[in-house]
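**Q** Just so it is clear, I am handing over protein23.tsv, which has TSV, C-alpha atoms and all ligand atoms.
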chain	number	residue	atom	x	y	z
A	1	MET	CA	1.77	20.39	-24.16
A	2	THR	CA	1.59	19.93	-20.41
A	3	ARG	CA	0.36	23.06	-18.65
A	4	THR	CA	1.89	23.62	-15.26
A	5	ASP	CA	1.27	27.38	-14.98
A	6	GLY	CA	-1.56	26.88	-12.51
A	7	SER	CA	-4.30	27.72	-14.98
A	8	HIS	CA	-5.88	24.39	-15.75
A	9	PRO	CA	-3.16	21.76	-16.18
A	10	GLU	CA	-3.57	18.82	-18.47
A	11	THR	CA	-4.18	15.38	-17.05
A	12	LEU	CA	-1.75	12.55	-17.66
A	13	PRO	CA	-2.28	11.10	-21.14
A	14	ALA	CA	-4.70	8.18	-21.46
A	15	SER	CA	-1.86	5.90	-22.57
A	16	TRP	CA	-0.25	6.20	-19.11
A	17	TYR	CA	-3.18	4.22	-17.77
A	18	THR	CA	-3.38	1.57	-20.46
A	19	ASP	CA	0.03	0.93	-22.00
A	20	ASP	CA	1.89	-2.28	-21.10
A	21	ASP	CA	5.35	-0.75	-21.54
A	22	ILE	CA	4.55	2.19	-19.27
A	23	TYR	CA	3.17	-0.24	-16.72
A	24	GLN	CA	6.39	-2.27	-16.79
A	25	ARG	CA	8.41	0.91	-16.28
A	26	GLU	CA	6.23	1.79	-13.31
A	27	VAL	CA	6.77	-1.62	-11.77
A	28	ASN	CA	10.55	-1.35	-12.08
A	29	ASP	CA	11.13	2.39	-11.66
A	30	VAL	CA	8.41	3.22	-9.14
A	31	TRP	CA	7.11	0.20	-7.24
A	32	ALA	CA	10.46	-1.58	-6.95
A	33	ARG	CA	12.07	1.65	-5.66
A	34	ASN	CA	9.59	2.62	-2.98
A	35	TRP	CA	8.57	1.10	0.34
A	36	THR	CA	5.51	-1.13	0.19
A	37	VAL	CA	3.22	-2.33	2.96
A	38	VAL	CA	3.25	-6.13	3.24
A	39	ALA	CA	2.00	-7.11	6.69
A	40	ARG	CA	0.83	-6.02	10.11
A	41	GLU	CA	2.89	-6.40	13.27
A	42	ASP	CA	0.10	-8.46	14.84
A	43	GLN	CA	0.57	-11.11	12.12
A	44	LEU	CA	4.23	-11.46	13.09
A	45	VAL	CA	4.24	-11.57	16.87
A	46	ASN	CA	6.16	-14.84	17.41
A	47	ALA	CA	9.37	-16.23	15.92
A	48	GLY	CA	8.45	-18.23	12.82
A	49	ASN	CA	5.34	-16.18	11.97
A	50	PHE	CA	5.46	-15.25	8.29
A	51	VAL	CA	3.50	-13.34	5.66
A	52	CYS	CA	3.97	-13.72	1.89
A	53	ASP	CA	3.09	-11.07	-0.67
A	54	GLU	CA	4.14	-9.69	-4.03
A	55	VAL	CA	6.03	-6.43	-4.36
A	56	ALA	CA	6.56	-4.99	-7.83
A	57	GLY	CA	5.62	-8.39	-9.22
A	58	ARG	CA	8.26	-10.17	-7.12
A	59	PRO	CA	7.16	-12.77	-4.55
A	60	VAL	CA	8.57	-11.88	-1.14
A	61	PHE	CA	7.97	-12.87	2.46
A	62	VAL	CA	8.55	-11.44	5.92
A	63	VAL	CA	9.33	-13.63	8.91
A	64	ARG	CA	9.94	-12.97	12.61
A	65	ALA	CA	13.42	-14.27	13.46
A	66	LYS	CA	14.36	-15.97	16.73
A	67	ASN	CA	16.02	-12.79	18.07
A	68	GLY	CA	12.74	-10.92	17.64
A	69	GLU	CA	13.78	-8.97	14.55
A	70	LEU	CA	11.95	-8.98	11.26
A	71	ARG	CA	13.59	-10.46	8.17
A	72	ALA	CA	12.39	-10.29	4.59
A	73	PHE	CA	13.48	-12.29	1.57
A	74	HIS	CA	12.55	-12.94	-2.01
A	75	ASN	CA	10.41	-16.06	-1.89
A	76	VAL	CA	12.76	-17.80	-4.32
A	77	CYS	CA	14.75	-20.87	-3.35
A	78	ARG	CA	18.42	-20.83	-4.34
A	79	HIS	CA	18.20	-24.44	-5.64
A	80	ARG	CA	15.83	-24.31	-8.60
A	81	ALA	CA	13.83	-21.20	-7.79
A	82	GLY	CA	10.99	-22.96	-6.03
A	83	PRO	CA	8.72	-21.10	-3.64
A	84	VAL	CA	10.15	-21.33	-0.15
A	85	LEU	CA	6.75	-20.60	1.42
A	86	ARG	CA	3.45	-21.31	-0.29
A	87	GLU	CA	0.84	-20.20	2.22
A	88	ALA	CA	-0.20	-16.57	2.35
A	89	ALA	CA	0.62	-16.41	6.07
A	90	GLY	CA	1.29	-18.78	8.93
A	91	HIS	CA	3.92	-20.16	11.24
A	92	CYS	CA	6.94	-22.37	10.57
A	93	GLN	CA	9.83	-23.87	12.54
A	94	ARG	CA	12.28	-23.28	9.71
A	95	LEU	CA	12.06	-22.08	6.15
A	96	HIS	CA	11.54	-25.30	4.29
A	97	CYS	CA	11.40	-25.00	0.49
A	98	SER	CA	8.19	-26.45	-0.85
A	99	TYR	CA	9.87	-28.04	-3.90
A	100	HIS	CA	12.76	-30.30	-2.74
A	101	GLY	CA	13.05	-29.41	0.90
A	102	TRP	CA	16.13	-27.21	1.08
A	103	THR	CA	15.99	-25.66	4.52
A	104	TYR	CA	16.97	-22.15	5.57
A	105	ASP	CA	17.12	-20.52	9.00
A	106	PHE	CA	15.16	-17.32	9.69
A	107	ASP	CA	18.23	-15.31	8.77
A	108	GLY	CA	18.11	-16.84	5.29
A	109	GLY	CA	21.15	-19.11	5.70
A	110	LEU	CA	21.01	-22.51	4.00
A	111	VAL	CA	21.22	-25.16	6.71
A	112	MET	CA	20.15	-28.32	4.89
A	113	ALA	CA	20.23	-29.39	1.24
A	114	PRO	CA	19.53	-33.11	0.82
A	115	GLY	CA	21.94	-34.69	-1.68
A	116	PHE	CA	24.49	-31.86	-1.42
A	117	SER	CA	27.54	-32.09	0.77
A	118	LYS	CA	29.67	-29.16	1.73
A	119	GLY	CA	32.94	-29.30	-0.13
A	120	ARG	CA	35.11	-27.71	-2.72
A	121	GLU	CA	32.27	-27.40	-5.22
A	122	PHE	CA	29.38	-26.58	-2.94
A	123	ASP	CA	29.47	-24.02	-0.17
A	124	PRO	CA	26.08	-23.41	1.51
A	125	ASP	CA	27.17	-19.84	2.27
A	126	ASP	CA	26.88	-19.12	-1.44
A	127	PHE	CA	23.18	-20.00	-1.34
A	128	HIS	CA	21.77	-17.53	1.14
A	129	LEU	CA	18.21	-16.41	0.40
A	130	PHE	CA	18.06	-13.04	-1.36
A	131	ARG	CA	17.49	-10.40	1.31
A	132	VAL	CA	14.91	-7.63	1.12
A	133	ARG	CA	14.91	-4.51	3.32
A	134	VAL	CA	12.21	-4.53	5.98
A	135	GLU	CA	11.09	-1.91	8.54
A	136	SER	CA	8.10	-1.37	10.75
A	137	TRP	CA	6.11	1.79	11.51
A	138	ASN	CA	2.87	2.25	13.44
A	139	GLY	CA	1.93	-1.42	13.52
A	140	VAL	CA	2.62	-1.91	9.82
A	141	VAL	CA	5.48	-3.81	8.18
A	142	TRP	CA	7.01	-2.43	4.99
A	143	VAL	CA	9.60	-3.77	2.58
A	144	CYS	CA	11.74	-2.16	-0.09
A	145	LEU	CA	13.53	-3.93	-2.95
A	146	ASP	CA	15.97	-1.10	-3.60
A	147	ASP	CA	19.07	-0.54	-1.45
A	148	GLU	CA	19.36	3.10	-2.59
A	149	THR	CA	15.94	4.20	-1.32
A	150	PRO	CA	16.06	6.20	1.94
A	151	GLY	CA	15.01	4.46	5.16
A	152	LEU	CA	11.31	4.13	5.89
A	153	ILE	CA	10.96	7.09	8.28
A	154	GLU	CA	12.82	9.44	5.94
A	155	TRP	CA	10.71	8.12	3.04
A	156	LEU	CA	7.51	8.79	5.01
A	157	GLY	CA	8.65	12.41	5.47
A	158	ASP	CA	6.01	14.60	7.13
A	159	ILE	CA	3.72	11.59	7.65
A	160	ALA	CA	5.76	10.39	10.62
A	161	GLU	CA	5.29	13.83	12.27
A	162	ILE	CA	1.57	14.03	11.47
A	163	ALA	CA	1.10	10.59	13.04
A	164	LYS	CA	2.33	11.93	16.38
A	165	GLY	CA	-0.85	13.99	16.67
A	166	PHE	CA	-3.02	10.86	16.73
A	167	PRO	CA	-3.25	7.71	18.87
A	168	PRO	CA	-0.66	5.12	17.75
A	169	ALA	CA	-1.74	1.75	16.40
A	170	ALA	CA	0.06	0.16	19.35
A	171	ASP	CA	-2.69	1.54	21.61
A	172	MET	CA	-5.35	-0.08	19.42
A	173	ALA	CA	-6.37	-3.55	18.34
A	174	PHE	CA	-6.55	-4.75	14.77
A	175	PHE	CA	-10.24	-5.23	14.01
A	176	ASP	CA	-10.88	-6.28	10.42
A	177	GLU	CA	-9.78	-6.03	6.80
A	178	VAL	CA	-11.54	-5.41	3.51
A	179	VAL	CA	-9.95	-6.77	0.33
A	180	ILE	CA	-11.35	-5.96	-3.10
A	181	GLU	CA	-10.04	-6.00	-6.66
A	182	GLY	CA	-11.08	-3.83	-9.54
A	183	ALA	CA	-10.42	-3.27	-13.24
A	184	ALA	CA	-8.55	0.03	-12.97
A	185	ASN	CA	-5.02	1.31	-13.28
A	186	TRP	CA	-3.52	2.07	-9.85
A	187	LYS	CA	-2.99	5.75	-10.75
A	188	LEU	CA	-6.69	6.21	-11.45
A	189	TYR	CA	-7.36	5.09	-7.92
A	190	GLY	CA	-4.66	7.48	-6.69
A	191	ASP	CA	-5.97	10.41	-8.80
A	192	ASN	CA	-9.38	9.77	-7.28
A	193	GLY	CA	-8.15	9.37	-3.71
A	194	VAL	CA	-6.58	12.83	-3.59
A	195	GLU	CA	-9.70	14.84	-4.41
A	196	PHE	CA	-13.05	15.17	-2.68
A	197	TYR	CA	-14.55	16.77	-5.83
A	198	HIS	CA	-16.23	13.45	-6.68
A	199	GLY	CA	-17.61	12.89	-3.16
A	200	PRO	CA	-21.17	14.21	-3.53
A	201	PHE	CA	-21.63	12.42	-6.87
A	202	VAL	CA	-20.05	9.04	-6.18
A	203	HIS	CA	-20.58	8.63	-2.44
A	204	THR	CA	-24.19	9.73	-2.17
A	205	ALA	CA	-24.93	7.77	1.01
A	206	LEU	CA	-22.00	9.29	2.91
A	207	LYS	CA	-21.83	12.68	1.30
A	208	ASP	CA	-22.58	14.42	4.62
A	209	ALA	CA	-19.88	12.59	6.58
A	210	VAL	CA	-17.44	15.42	5.88
A	211	GLU	CA	-18.35	19.01	6.71
A	212	PRO	CA	-18.68	21.38	3.74
A	213	ASN	CA	-15.15	22.45	2.75
A	214	GLY	CA	-13.96	20.14	5.52
A	215	ALA	CA	-11.18	18.56	3.49
A	216	ILE	CA	-8.58	20.85	1.95
A	217	ALA	CA	-5.75	19.16	0.02
A	218	ALA	CA	-2.21	19.96	1.10
A	219	PRO	CA	0.58	18.72	-1.18
A	220	HIS	CA	3.67	17.61	0.75
A	221	GLU	CA	7.03	17.42	-1.01
A	222	ASN	CA	8.63	15.92	2.10
A	223	GLY	CA	7.24	12.42	1.81
A	224	LYS	CA	5.56	12.95	-1.57
A	225	PHE	CA	1.95	12.75	-0.53
A	226	VAL	CA	-1.30	14.66	-0.50
A	227	GLY	CA	-2.68	15.21	2.98
A	228	PHE	CA	-6.11	16.41	4.04
A	229	GLU	CA	-7.05	17.68	7.45
A	230	VAL	CA	-10.61	16.36	7.50
A	231	LYS	CA	-13.43	17.74	9.59
A	232	TYR	CA	-15.91	14.92	10.02
A	233	ALA	CA	-19.48	15.79	10.73
A	234	GLN	CA	-20.61	12.37	11.86
A	235	TRP	CA	-19.59	8.85	10.94
A	236	GLY	CA	-22.23	6.33	11.90
A	237	GLU	CA	-22.74	6.77	15.63
A	238	HIS	CA	-19.36	8.40	16.04
A	239	SER	CA	-18.08	11.89	15.76
A	240	PRO	CA	-14.50	10.96	15.04
A	241	GLY	CA	-13.45	14.58	15.39
A	242	PRO	CA	-10.65	15.92	13.24
A	243	GLY	CA	-8.95	13.35	11.07
A	244	TYR	CA	-6.07	13.25	8.66
A	245	TRP	CA	-6.29	11.54	5.29
A	246	ILE	CA	-3.11	10.79	3.38
A	247	LEU	CA	-2.48	9.34	-0.04
A	248	LYS	CA	1.22	8.75	-0.41
A	249	PHE	CA	2.87	8.22	-3.76
A	250	PRO	CA	2.97	5.75	-5.34
A	251	CYS	CA	-0.27	4.60	-3.72
A	252	VAL	CA	-0.82	3.87	-0.06
A	253	LEU	CA	-3.67	5.36	1.89
A	254	ILE	CA	-3.21	6.25	5.55
A	255	HIS	CA	-6.02	7.61	7.68
A	256	PHE	CA	-5.86	8.86	11.26
A	257	THR	CA	-8.65	10.05	13.47
A	258	THR	CA	-8.77	10.70	17.19
A	259	PHE	CA	-10.76	7.45	17.35
A	260	ASP	CA	-9.20	4.96	14.95
A	261	PHE	CA	-6.43	4.25	12.49
A	262	ASN	CA	-6.65	2.61	9.11
A	263	LEU	CA	-4.37	1.95	6.22
A	264	GLU	CA	-4.92	0.69	2.70
A	265	GLN	CA	-2.35	-1.25	0.75
A	266	VAL	CA	-2.86	-0.68	-2.98
A	267	THR	CA	-1.27	-3.31	-5.23
A	268	PRO	CA	-1.11	-2.95	-9.00
A	269	LEU	CA	-1.82	-6.30	-10.67
A	270	GLY	CA	-1.54	-5.12	-14.29
A	271	PRO	CA	-2.13	-1.96	-16.35
A	272	ASN	CA	-5.85	-2.23	-15.69
A	273	ARG	CA	-6.08	-4.23	-12.48
A	274	VAL	CA	-5.63	-3.22	-8.87
A	275	ARG	CA	-6.12	-4.81	-5.44
A	276	LEU	CA	-7.06	-2.87	-2.32
A	277	ARG	CA	-6.42	-4.28	1.12
A	278	HIS	CA	-7.74	-2.02	3.85
A	279	TRP	CA	-6.92	-2.62	7.52
A	280	PHE	CA	-8.79	-1.18	10.49
A	281	TRP	CA	-7.59	-0.60	14.05
A	282	PHE	CA	-9.87	0.56	16.86
A	283	PRO	CA	-9.21	1.34	20.53
A	284	LYS	CA	-8.75	-1.90	22.46
A	285	GLU	CA	-11.47	-1.09	24.96
A	286	ASP	CA	-13.94	-0.50	22.13
A	287	ALA	CA	-13.42	-3.82	20.43
A	288	ALA	CA	-15.96	-5.57	22.66
A	289	GLU	CA	-18.73	-3.16	23.61
A	290	ARG	CA	-18.66	-1.07	20.45
A	291	ARG	CA	-18.19	-3.95	18.05
A	292	GLU	CA	-21.30	-3.13	16.15
A	293	ALA	CA	-20.39	0.53	15.72
A	294	CYS	CA	-16.87	-0.41	14.58
A	295	GLY	CA	-18.40	-2.92	12.15
A	296	GLN	CA	-20.55	-0.14	10.74
A	297	ILE	CA	-17.49	2.00	10.07
A	298	VAL	CA	-15.89	-0.92	8.23
A	299	ALA	CA	-19.09	-1.44	6.22
A	300	ASP	CA	-19.12	2.27	5.28
A	301	TRP	CA	-15.53	2.04	4.11
A	302	ARG	CA	-16.31	-1.10	2.11
A	303	LEU	CA	-19.10	0.78	0.36
A	304	THR	CA	-16.85	3.78	-0.30
A	305	MET	CA	-13.99	1.66	-1.63
A	306	GLY	CA	-16.39	-0.21	-3.94
A	307	GLU	CA	-17.88	3.03	-5.24
A	308	ASP	CA	-14.43	4.46	-5.92
A	309	LEU	CA	-13.23	1.32	-7.64
A	310	ASP	CA	-16.41	1.06	-9.75
A	311	ILE	CA	-16.12	4.62	-11.05
A	312	CYS	CA	-12.39	4.12	-11.71
A	313	ALA	CA	-13.15	0.93	-13.68
A	314	GLU	CA	-15.62	2.85	-15.85
A	315	VAL	CA	-13.02	5.56	-16.43
A	316	GLN	CA	-10.53	2.82	-17.32
A	317	ARG	CA	-12.91	1.42	-19.95
A	318	ASN	CA	-13.35	4.88	-21.42
A	319	LEU	CA	-9.60	5.48	-21.53
A	320	GLU	CA	-9.16	2.16	-23.32
A	321	ALA	CA	-11.93	3.04	-25.80
A	322	GLY	CA	-9.50	5.42	-27.49
A	323	MET	CA	-11.51	8.65	-27.89
A	324	TYR	CA	-10.03	10.54	-24.96
A	325	GLU	CA	-6.41	11.62	-24.88
A	326	THR	CA	-6.15	14.24	-22.11
A	327	GLY	CA	-8.46	16.44	-20.06
A	328	ARG	CA	-7.91	19.37	-17.69
A	329	LEU	CA	-7.73	19.67	-13.92
A	330	SER	CA	-9.10	22.39	-11.66
A	331	PRO	CA	-6.57	23.99	-9.29
A	332	GLU	CA	-9.49	24.89	-7.04
A	333	LYS	CA	-11.12	21.47	-6.90
A	334	GLU	CA	-8.30	19.08	-7.81
A	335	PRO	CA	-5.03	20.47	-6.45
A	336	GLY	CA	-4.27	17.04	-4.94
A	337	THR	CA	-4.66	15.33	-8.31
A	338	ILE	CA	-2.48	17.97	-9.98
A	339	PHE	CA	0.26	17.31	-7.43
A	340	TYR	CA	-0.16	13.53	-7.50
A	341	GLN	CA	0.13	13.48	-11.30
A	342	SER	CA	3.23	15.67	-11.09
A	343	LEU	CA	4.77	13.02	-8.83
A	344	ALA	CA	3.98	10.36	-11.45
A	345	ARG	CA	5.59	12.53	-14.14
A	346	GLU	CA	8.64	13.10	-11.94
A	347	ALA	CA	9.00	9.36	-11.24
A	348	LEU	CA	8.63	8.29	-14.84
A	349	GLY	CA	10.16	11.23	-16.67
A	350	SER	CA	8.12	12.91	-19.34
A	351	GLY	CA	6.85	9.54	-20.55
B	401	LIG	S1	13.75	-25.41	-5.53
B	401	LIG	FE1	13.91	-25.28	-3.38
B	401	LIG	S2	14.65	-27.18	-2.81
B	401	LIG	FE2	14.55	-27.31	-4.96
B	402	FE	FE	-14.03	8.41	-3.19
Now that the file is in, can you turn its structure into C-alpha cells?
Ligand code: FES
Ligand SMILES: [Fe+2]

**A**
Amino acid sequence: MTRTDGSHPETLPASWYTDDDIYQREVNDVWARNWTVVAREDQLVNAGNFVCDEVAGRPVFVVRAKNGELRAFHNVCRHRAGPVLREAAGHCQRLHCSYHGWTYDFDGGLVMAPGFSKGREFDPDDFHLFRVRVESWNGVVWVCLDDETPGLIEWLGDIAEIAKGFPPAADMAFFDEVVIEGAANWKLYGDNGVEFYHGPFVHTALKDAVEPNGAIAAPHENGKFVGFEVKYAQWGEHSPGPGYWILKFPCVLIHFTTFDFNLEQVTPLGPNRVRLRHWFWFPKEDAAERREACGQIVADWRLTMGEDLDICAEVQRNLEAGMYETGRLSPEKEPGTIFYQSLAREALGSG
C-alpha cells in the first residue's frame, strides 16, 4: 500500500526503475508530452544554424529560419525516412537530406526532389517535414512533441516568476558544458536531485558549500517542480549569495544565483541509462579576468554530478538485484523526493 498520510510514505516500487514496459510508458506518456531542452540560443544565432537531438527517443532538430524565428522538425525525411541532418550541430544553406538529397527550406517545405516532378501523382506540399513545437526561454531552446501540452511559459509555472529575481542569461555569456552518462534510471537522478539529505555523505568535498539548513525544499504544483532557496556559504572563491535550485518534472535542473545561471538537460537513454548535459553561463565581464574561478565552479559541478551519478548507479544495481521492493521516505528530510515521486505516480497512474 502506498502511504500518503504524511507519516513515512513508501518509495516508488523497484520495478519502476528497472522495467522495460514502464520505461516505454514513460517515454510516450511523460517525455513525449512535456517540454524538453534541446539547445542554447547562442548555438542558433544565424539563419541556417541547427542543433540535432533526441526527444523521447525521436530524432529532432531545431534550425534558425531566414526570418529569424526558430523552427523544429522530426529529423526524418519524407522520402524514405533518412536523416535530414547528420551532424550534432552546425550550419547549412538548406536542409539537404543526407540519403538521396531531397531538399527542404527552413520552414520544412520540400523544394527539390531529384527524379520527382510535380504533377497529378506527386505534390511536394504533401511532403512537408513533420513539425515540432519550439519555444525559447532564458537563453535555452525547448521543444515539445505534443500539441496538447500548454505553452512553455505556462508549463514552467512559478519558475518563470522565480527567474525574474535573478540576472537573465541574456546578460551573461555561455562558458562551458559538462556531459556525462551513467547507468541509472532518470527518476533515481531526479529523486536524488530534490533532497540535500545525501549531501554530507556523497559530496564530502563540498559539504560546507551550503549553510546548515540552507536548502529547504518547496514543492510547487504550478510548474510541477521542487524548488530550494539555497543559502551558499562559499563556492570556491565566490560567495554566490542566495541561489535558487529547481528540479522540474520530469527531469530538468535549473539553478540561479546572483552570480551565474546553469541548467542541466537530463536525457533518459533506457531504463538504466541516463545522460546529463550541464550548461554554465557567467557574467560577460567575468569571462576573461575570472576565467579560472569560473572554471573552478564548473569543475566542482563536474565532481558533484559524477558523485550523484555514481551513487545512483549503485542504487540501480541494487534495485536490479531483486531483494528490495520499496523503502520509506522521511517527510522531514525528503519532502522533495516525496513530492517528486507523487508527480511520477500522477503522470503514470498507479503503475
Ligand atoms: S530518404 Fe531523404 S532523400 Fe531519400
Ligand atoms: Fe547530490

**Q** List the neighbours of Pro167 in chain A out to 10 Å using only C-alpha atoms; skip same-chain residues closer than 3 positions along the sequence, and give me the result as a PDB file with C-alpha atoms, keeping the file's coordinate frame.

**A**
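Output saved as result-v1.pdb:
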ATOM      1  CA  ASN A 138       2.870   2.250  13.440  1.00  0.00           C
ATOM      2  CA  ALA A 163       1.100  10.590  13.040  1.00  0.00           C
ATOM      3  CA  LYS A 164       2.330  11.930  16.380  1.00  0.00           C
ATOM      4  CA  ALA A 170       0.060   0.160  19.350  1.00  0.00           C
ATOM      5  CA  ASP A 171      -2.690   1.540  21.610  1.00  0.00           C
ATOM      6  CA  MET A 172      -5.350  -0.080  19.420  1.00  0.00           C
ATOM      7  CA  PHE A 256      -5.860   8.860  11.260  1.00  0.00           C
ATOM      8  CA  THR A 257      -8.650  10.050  13.470  1.00  0.00           C
ATOM      9  CA  THR A 258      -8.770  10.700  17.190  1.00  0.00           C
ATOM     10  CA  PHE A 259     -10.760   7.450  17.350  1.00  0.00           C
ATOM     11  CA  ASP A 260      -9.200   4.960  14.950  1.00  0.00           C
ATOM     12  CA  PHE A 261      -6.430   4.250  12.490  1.00  0.00           C
ATOM     13  CA  PHE A 282      -9.870   0.560  16.860  1.00  0.00           C
ATOM     14  CA  PRO A 283      -9.210   1.340  20.530  1.00  0.00           C
TER      15      PRO A 283
END

**Q** With only C-alpha atoms as the atoms that count, which of A:Pro271, A:Gly101, A:Pro59, A:Pro13 lies nearest to Glu87 in chain A?

**A**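 Under the stated criterion, the closest residue is A:Pro59.
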
**Q** Could you tell me which of A:Gly48, A:Pro150, A:Gly115, A:Gly68 comes closest to ligand LIG 401 (chain B) if we count all atoms listed in the file?

**A**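 Going through A:Gly48, A:Pro150, A:Gly115, A:Gly68 one by one, the smallest distance to ligand LIG 401 (chain B) is for A:Gly115.
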
**Q** I'd like to know which of A:Val76, A:Val55, A:Ala321, A:Val134 is closest to ligand LIG 401 (chain B), using only C-alpha atoms and all ligand atoms.

**A** A:Val76

**Q** Can you write out as CSV which residues of chain A fall within 9 Å of ligand FE 402 (chain B), alongside each residue's closest atom pair and its distance in Å to one decimal, counting only C-alpha atoms and all ligand atoms and ordering rows by chain and ascending residue number?

**A**
residue,atom,partner,partner_atom,distance
A:Tyr189,CA,B:FE402,FE,8.8
A:Asn192,CA,B:FE402,FE,6.3
A:Gly193,CA,B:FE402,FE,6.0
A:Val194,CA,B:FE402,FE,8.7
A:Glu195,CA,B:FE402,FE,7.8
A:Phe196,CA,B:FE402,FE,6.8
A:Tyr197,CA,B:FE402,FE,8.8
A:His198,CA,B:FE402,FE,6.5
A:Gly199,CA,B:FE402,FE,5.7
A:Val202,CA,B:FE402,FE,6.8
A:His203,CA,B:FE402,FE,6.6
A:Thr304,CA,B:FE402,FE,6.1
A:Met305,CA,B:FE402,FE,6.9
A:Gly306,CA,B:FE402,FE,9.0
A:Glu307,CA,B:FE402,FE,6.9
A:Asp308,CA,B:FE402,FE,4.8
A:Leu309,CA,B:FE402,FE,8.4
A:Ile311,CA,B:FE402,FE,9.0

**Q** Out of A:Ala293, A:Ala183, A:Ala81, A:Ile254, which residue has the shortest atom-to-atom distance to ligand LIG 401 (chain B) when counting all atoms listed in the file?

**A**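 Closest residue, counting all atoms listed in the file: A:Ala81.
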
**Q** First collect every listed atom of ligand LIG 401 (chain B); then fit an axis-aligned box around them, widen it by 5 Å on each side, and give centre and edge lengths in Å to one decimal, as AutoDock Vina command-line options.

**A**
--center_x 14.2 --center_y -26.3 --center_z -4.2 --size_x 10.9 --size_y 12.0 --size_z 12.7

**Q** Could you please extract the residues within 10 Å of ligand LIG 401 (chain B), counting all atoms listed in the file, and hand them back as a list in words?

**A**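 Sorted by chain and then by number, the residues are Asn75, Val76, Cys77, Arg78, His79, Arg80, Ala81, Gly82, Pro83, Val84, Leu85, His96, Cys97, Ser98, Tyr99, His100, Gly101, Trp102, Thr103, Tyr104, Met112, Ala113 and Pro114 of chain A.
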
**Q** In Å, rounded to a single decimal, give me how far CA of His255 in chain A is from CA of Arg64 in chain A.

**A**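 These atoms are spaced 26.5 Å apart.
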
**Q** One decimal, in Å: what's the spacing between CA of Thr18 in chain A and CA of Tyr324 in chain A?

**A**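 One can read the CA of Thr18 in chain A to CA of Tyr324 in chain A distance as 12.0 Å.
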
**Q** Set the distance at 9 Å and use all atoms listed in the file: which residues neighbour Leu329 in chain A once local chain neighbours fewer than 3 positions away are removed? I'd like the list as an MDAnalysis selection string.

**A** chainID A and resid 7:11 332:335 337:338

**Q** Give me the residues near range 204-216 of chain A as a list in words, where near means some atom within 7 Å (using only C-alpha atoms) and where sequence neighbours in that chain fewer than 4 positions away do not count.

**A** Gly199, Pro200, Phe228, Glu229, Val230, Lys231, Tyr232, Ala233, Gln234 and Trp235 of chain A

**Q** Please, what distance in Å, to one decimal, runs between CA of Asp20 in chain A and CA of Thr267 in chain A?

**A**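 For CA of Asp20 in chain A relative to CA of Thr267 in chain A, the distance reads 16.2 Å.
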
**Q** Residues of range 178-281 of chain A that have any atom at most 12 Å from an atom of range 341-345 of chain A: could you tabulate them with the shortest-distance atom pair and the distance in Å to one decimal, using all atoms listed in the file, ordered by chain and increasing number, as JSON lines?

**A**
{"residue": "A:Trp186", "atom": "CA", "partner": "A:Ala344", "partner_atom": "CA", "distance": 11.3}
{"residue": "A:Lys187", "atom": "CA", "partner": "A:Gln341", "partner_atom": "CA", "distance": 8.4}
{"residue": "A:Leu188", "atom": "CA", "partner": "A:Gln341", "partner_atom": "CA", "distance": 10.0}
{"residue": "A:Tyr189", "atom": "CA", "partner": "A:Gln341", "partner_atom": "CA", "distance": 11.7}
{"residue": "A:Gly190", "atom": "CA", "partner": "A:Gln341", "partner_atom": "CA", "distance": 9.0}
{"residue": "A:Asp191", "atom": "CA", "partner": "A:Gln341", "partner_atom": "CA", "distance": 7.3}
{"residue": "A:Asn192", "atom": "CA", "partner": "A:Gln341", "partner_atom": "CA", "distance": 11.0}
{"residue": "A:Gly193", "atom": "CA", "partner": "A:Gln341", "partner_atom": "CA", "distance": 12.0}
{"residue": "A:Val194", "atom": "CA", "partner": "A:Gln341", "partner_atom": "CA", "distance": 10.2}
{"residue": "A:Pro219", "atom": "CA", "partner": "A:Leu343", "partner_atom": "CA", "distance": 10.4}
{"residue": "A:His220", "atom": "CA", "partner": "A:Leu343", "partner_atom": "CA", "distance": 10.7}
{"residue": "A:Glu221", "atom": "CA", "partner": "A:Leu343", "partner_atom": "CA", "distance": 9.3}
{"residue": "A:Asn222", "atom": "CA", "partner": "A:Leu343", "partner_atom": "CA", "distance": 11.9}
{"residue": "A:Gly223", "atom": "CA", "partner": "A:Leu343", "partner_atom": "CA", "distance": 10.9}
{"residue": "A:Lys224", "atom": "CA", "partner": "A:Leu343", "partner_atom": "CA", "distance": 7.3}
{"residue": "A:Phe225", "atom": "CA", "partner": "A:Leu343", "partner_atom": "CA", "distance": 8.8}
{"residue": "A:Val226", "atom": "CA", "partner": "A:Leu343", "partner_atom": "CA", "distance": 10.4}
{"residue": "A:Leu247", "atom": "CA", "partner": "A:Leu343", "partner_atom": "CA", "distance": 12.0}
{"residue": "A:Lys248", "atom": "CA", "partner": "A:Leu343", "partner_atom": "CA", "distance": 10.1}
{"residue": "A:Phe249", "atom": "CA", "partner": "A:Leu343", "partner_atom": "CA", "distance": 7.2}
{"residue": "A:Pro250", "atom": "CA", "partner": "A:Ala344", "partner_atom": "CA", "distance": 7.7}
{"residue": "A:Cys251", "atom": "CA", "partner": "A:Ala344", "partner_atom": "CA", "distance": 10.5}

**Q** Can you pull out every residue within 12 Å of Ala47 in chain A, counting only C-alpha atoms, but drop anything in the same chain fewer than 6 positions away, and send it as a short mmCIF file (atom, residue, chain, number, x, y, z; two decimals) with C-alpha atoms, in the coordinates of the input?

**A**
data_model
loop_
_atom_site.label_atom_id
_atom_site.label_comp_id
_atom_site.auth_asym_id
_atom_site.auth_seq_id
_atom_site.Cartn_x
_atom_site.Cartn_y
_atom_site.Cartn_z
CA VAL A 62 8.55 -11.44 5.92
CA VAL A 63 9.33 -13.63 8.91
CA ARG A 64 9.94 -12.97 12.61
CA ALA A 65 13.42 -14.27 13.46
CA LYS A 66 14.36 -15.97 16.73
CA ASN A 67 16.02 -12.79 18.07
CA GLY A 68 12.74 -10.92 17.64
CA GLU A 69 13.78 -8.97 14.55
CA LEU A 70 11.95 -8.98 11.26
CA ARG A 71 13.59 -10.46 8.17
CA GLY A 90 1.29 -18.78 8.93
CA HIS A 91 3.92 -20.16 11.24
CA CYS A 92 6.94 -22.37 10.57
CA GLN A 93 9.83 -23.87 12.54
CA ARG A 94 12.28 -23.28 9.71
CA LEU A 95 12.06 -22.08 6.15
CA ASP A 105 17.12 -20.52 9.00
CA PHE A 106 15.16 -17.32 9.69
CA ASP A 107 18.23 -15.31 8.77
#
